[in-house]
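Trainee: Below you'll find the structure I mean.
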Amino acid sequence: MIVRKVATALFTAFAALVIFLSLPLTLAVWLVTWPFDRHRMAASRVLRALGEVIVSAFPFWRVTVEGSLPPPPATFVVVPNHRSMVDALAVARLPREMKWLGKKEAFRLPWLGWAFHLAGYVPVDRDDRVSGSTALARLRRYLAEGVPVGLFAEGTRSRDGTLRPFRAGPFKLAIDAGVPIVPVAITGAGEALPPDGLRIRPSDVRVRILPPLPTAGLTAQDVDRLREETRLRIAAALGVDPAGTGGGGPTPSGSDRPRG
């Protein structure tokens, strides 16, 4: 117990230092690259590198990535499950730069939230339908210009380990843009840092990139089928019962409000 408390304190101090560095480093890279990097990919790379530093330096966690993403110049929508804040660090190990959707509260954080803005990430108000539509439109523009995007399809973290219902937004987005969905199954993140509280635990975090699901020829009528197929594949990779939604029935596909 004492060792774990000490480890938690050390990790918190180290993460705070990395967060402190996130803004000046991202700002410096943005200032140097903005004339020729309109999508701010270099600034995104800075934040991804810092996320990799955190998960790689902490001795109680071992993060492994299995599978591969479609190579450039392919664009796609990455859809991971969501158990813990560690998920956001673990996806930093994915081997492509992309733009992520996140809840607006994260973008309001001093330093780190400002760095998110500089990197071109996309905020969304979970309770505002207009904000959701605006966010999806911005992600659609990224895809149209060759930039992959990522969204946590459950929207919010699962507190009980079940796979929550998936939102329709990512699947509408992929179909509209004509790009594949790339399911990503993350295990071990909930054990590494449980969703309630700050209790660091040893864990092997596994990030599995599953085969892409193509959307060519699909229409709005196929959103529910694509969403269910994605959820079934992630559930199978996690070894969980997809019927255990942990949050009621699926969100109607008529709702395009993503949740970050």
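Chain labels follow the order of the structure tokens: the first chain is A, the next B, and so on; residue numbering restarts at 1 in every chain, and ligands are counted from 1 in their shown order.
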Which residues are near Ala236 in chain A? Cut-off 12 Å, only C-alpha atoms, ignore same chain within fewer than 4 positions. Put them as a count of residues only.
Mentor: 16
Trainee: For a quick check of understanding, using only C-alpha atoms, which of A:Ala88, A:Val63, A:Val79, A:Val130 has the smallest distance to Val207 in chain A?
Mentor: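 Result for the nearest residue to Val207 in chain A: A:Val63.
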Trainee: Please report the interatomic distance between CA of Leu10 in chain A and CA of Trp61 in chain A in Å with one decimal.
Mentor: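 Here the two named atoms are 13.7 Å from each other.
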Trainee: I'd like to know which residues of range 81-260 of chain A are strand (DSSP E) (by DSSP, run on the backbone); could you write them as an NGL selection string?
Mentor: :A and (99-103 or 122-124 or 149-150 or 181-187 or 203-209)
Trainee: For the selection just defined, write its residues with N, CA and C atoms to a file, as a PDB file, in the first residue's frame.
Mentor:
ATOM      1  N   LYS A  99      -6.330  13.599 -35.620  1.00  0.00           N
ATOM      2  CA  LYS A  99      -6.996  14.601 -34.795  1.00  0.00           C
ATOM      3  C   LYS A  99      -8.079  13.925 -33.966  1.00  0.00           C
ATOM      4  N   TRP A 100      -8.112  14.281 -32.676  1.00  0.00           N
ATOM      5  CA  TRP A 100      -9.024  13.627 -31.749  1.00  0.00           C
ATOM      6  C   TRP A 100     -10.145  14.571 -31.315  1.00  0.00           C
ATOM      7  N   LEU A 101     -11.313  13.991 -31.152  1.00  0.00           N
ATOM      8  CA  LEU A 101     -12.436  14.700 -30.551  1.00  0.00           C
ATOM      9  C   LEU A 101     -12.358  14.548 -29.038  1.00  0.00           C
ATOM     10  N   GLY A 102     -12.596  15.632 -28.298  1.00  0.00           N
ATOM     11  CA  GLY A 102     -12.573  15.560 -26.841  1.00  0.00           C
ATOM     12  C   GLY A 102     -13.611  16.469 -26.227  1.00  0.00           C
ATOM     13  N   LYS A 103     -13.996  16.172 -25.001  1.00  0.00           N
ATOM     14  CA  LYS A 103     -15.006  16.987 -24.340  1.00  0.00           C
ATOM     15  C   LYS A 103     -14.446  18.382 -24.063  1.00  0.00           C
ATOM     16  N   VAL A 122     -10.299  18.722 -31.576  1.00  0.00           N
ATOM     17  CA  VAL A 122     -11.652  19.248 -31.754  1.00  0.00           C
ATOM     18  C   VAL A 122     -12.459  19.102 -30.458  1.00  0.00           C
ATOM     19  N   PRO A 123     -12.877  20.220 -29.851  1.00  0.00           N
ATOM     20  CA  PRO A 123     -13.695  20.134 -28.636  1.00  0.00           C
ATOM     21  C   PRO A 123     -15.173  19.948 -28.968  1.00  0.00           C
ATOM     22  N   VAL A 124     -15.900  19.364 -28.036  1.00  0.00           N
ATOM     23  CA  VAL A 124     -17.345  19.216 -28.205  1.00  0.00           C
ATOM     24  C   VAL A 124     -18.025  19.359 -26.849  1.00  0.00           C
ATOM     25  N   VAL A 149      -8.878  10.760 -38.164  1.00  0.00           N
ATOM     26  CA  VAL A 149      -9.446  11.291 -36.925  1.00  0.00           C
ATOM     27  C   VAL A 149      -9.766  10.140 -35.975  1.00  0.00           C
ATOM     28  N   GLY A 150      -9.896  10.475 -34.687  1.00  0.00           N
ATOM     29  CA  GLY A 150     -10.218   9.475 -33.686  1.00  0.00           C
ATOM     30  C   GLY A 150     -11.311   9.950 -32.751  1.00  0.00           C
ATOM     31  N   ILE A 181     -13.768   2.535 -40.972  1.00  0.00           N
ATOM     32  CA  ILE A 181     -13.706   2.556 -39.514  1.00  0.00           C
ATOM     33  C   ILE A 181     -12.595   1.595 -39.086  1.00  0.00           C
ATOM     34  N   VAL A 182     -11.731   2.053 -38.171  1.00  0.00           N
ATOM     35  CA  VAL A 182     -10.698   1.176 -37.617  1.00  0.00           C
ATOM     36  C   VAL A 182     -11.021   0.957 -36.137  1.00  0.00           C
ATOM     37  N   PRO A 183     -11.585  -0.197 -35.777  1.00  0.00           N
ATOM     38  CA  PRO A 183     -11.850  -0.465 -34.360  1.00  0.00           C
ATOM     39  C   PRO A 183     -10.547  -0.691 -33.601  1.00  0.00           C
ATOM     40  N   VAL A 184     -10.497  -0.201 -32.361  1.00  0.00           N
ATOM     41  CA  VAL A 184      -9.330  -0.398 -31.497  1.00  0.00           C
ATOM     42  C   VAL A 184      -9.824  -0.885 -30.137  1.00  0.00           C
ATOM     43  N   ALA A 185      -9.329  -2.030 -29.717  1.00  0.00           N
ATOM     44  CA  ALA A 185      -9.716  -2.611 -28.425  1.00  0.00           C
ATOM     45  C   ALA A 185      -8.595  -2.408 -27.420  1.00  0.00           C
ATOM     46  N   ILE A 186      -8.893  -1.712 -26.316  1.00  0.00           N
ATOM     47  CA  ILE A 186      -7.895  -1.417 -25.291  1.00  0.00           C
ATOM     48  C   ILE A 186      -8.244  -2.185 -24.017  1.00  0.00           C
ATOM     49  N   THR A 187      -7.325  -3.004 -23.562  1.00  0.00           N
ATOM     50  CA  THR A 187      -7.514  -3.725 -22.303  1.00  0.00           C
ATOM     51  C   THR A 187      -6.437  -3.292 -21.305  1.00  0.00           C
ATOM     52  N   SER A 203      -0.242  -2.718 -14.387  1.00  0.00           N
ATOM     53  CA  SER A 203      -1.127  -3.271 -15.408  1.00  0.00           C
ATOM     54  C   SER A 203      -0.396  -3.394 -16.740  1.00  0.00           C
ATOM     55  N   ASP A 204      -0.750  -4.427 -17.486  1.00  0.00           N
ATOM     56  CA  ASP A 204      -0.340  -4.546 -18.874  1.00  0.00           C
ATOM     57  C   ASP A 204      -1.469  -3.994 -19.733  1.00  0.00           C
ATOM     58  N   VAL A 205      -1.204  -2.894 -20.398  1.00  0.00           N
ATOM     59  CA  VAL A 205      -2.206  -2.240 -21.240  1.00  0.00           C
ATOM     60  C   VAL A 205      -1.965  -2.682 -22.684  1.00  0.00           C
ATOM     61  N   ARG A 206      -2.980  -3.247 -23.276  1.00  0.00           N
ATOM     62  CA  ARG A 206      -2.867  -3.810 -24.628  1.00  0.00           C
ATOM     63  C   ARG A 206      -3.762  -3.023 -25.571  1.00  0.00           C
ATOM     64  N   VAL A 207      -3.174  -2.492 -26.613  1.00  0.00           N
ATOM     65  CA  VAL A 207      -3.909  -1.728 -27.628  1.00  0.00           C
ATOM     66  C   VAL A 207      -3.933  -2.566 -28.905  1.00  0.00           C
ATOM     67  N   ARG A 208      -5.102  -3.100 -29.242  1.00  0.00           N
ATOM     68  CA  ARG A 208      -5.234  -3.969 -30.414  1.00  0.00           C
ATOM     69  C   ARG A 208      -5.930  -3.217 -31.542  1.00  0.00           C
ATOM     70  N   ILE A 209      -5.208  -3.036 -32.636  1.00  0.00           N
ATOM     71  CA  ILE A 209      -5.787  -2.417 -33.837  1.00  0.00           C
ATOM     72  C   ILE A 209      -6.432  -3.528 -34.650  1.00  0.00           C
TER      73      ILE A 209
END
Trainee: Just the residues within 12 Å of range 132-137 of chain A, please, counting only C-alpha atoms, with nothing from its chain fewer than 5 positions along; format it as a ChimeraX atom specification.
Mentor: /A:77,99-104,120-127,142-144,149-151,155,167-174,176-177,255-260
Trainee: Under the rule that only C-alpha atoms are counted, which of A:Leu226, A:Val86, A:Ala74, A:Ala13 is the nearest residue to Arg201 in chain A?
Mentor: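 Among the listed residues, the smallest separation from Arg201 in chain A belongs to A:Val86.
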Trainee: So how many Å separate CA of Met98 in chain A and CA of Pro148 in chain A, to one decimal?
Mentor: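 Taking CA of Met98 in chain A and CA of Pro148 in chain A, their separation equals 4.8 Å.
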Trainee: I'd like to know which of A:Leu94, A:Ile54, A:Leu109, A:Leu118 is closest to Asp37 in chain A, using only C-alpha atoms.
Mentor: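 Ranking A:Leu94, A:Ile54, A:Leu109, A:Leu118 by distance to Asp37 in chain A, first place goes to A:Leu118.
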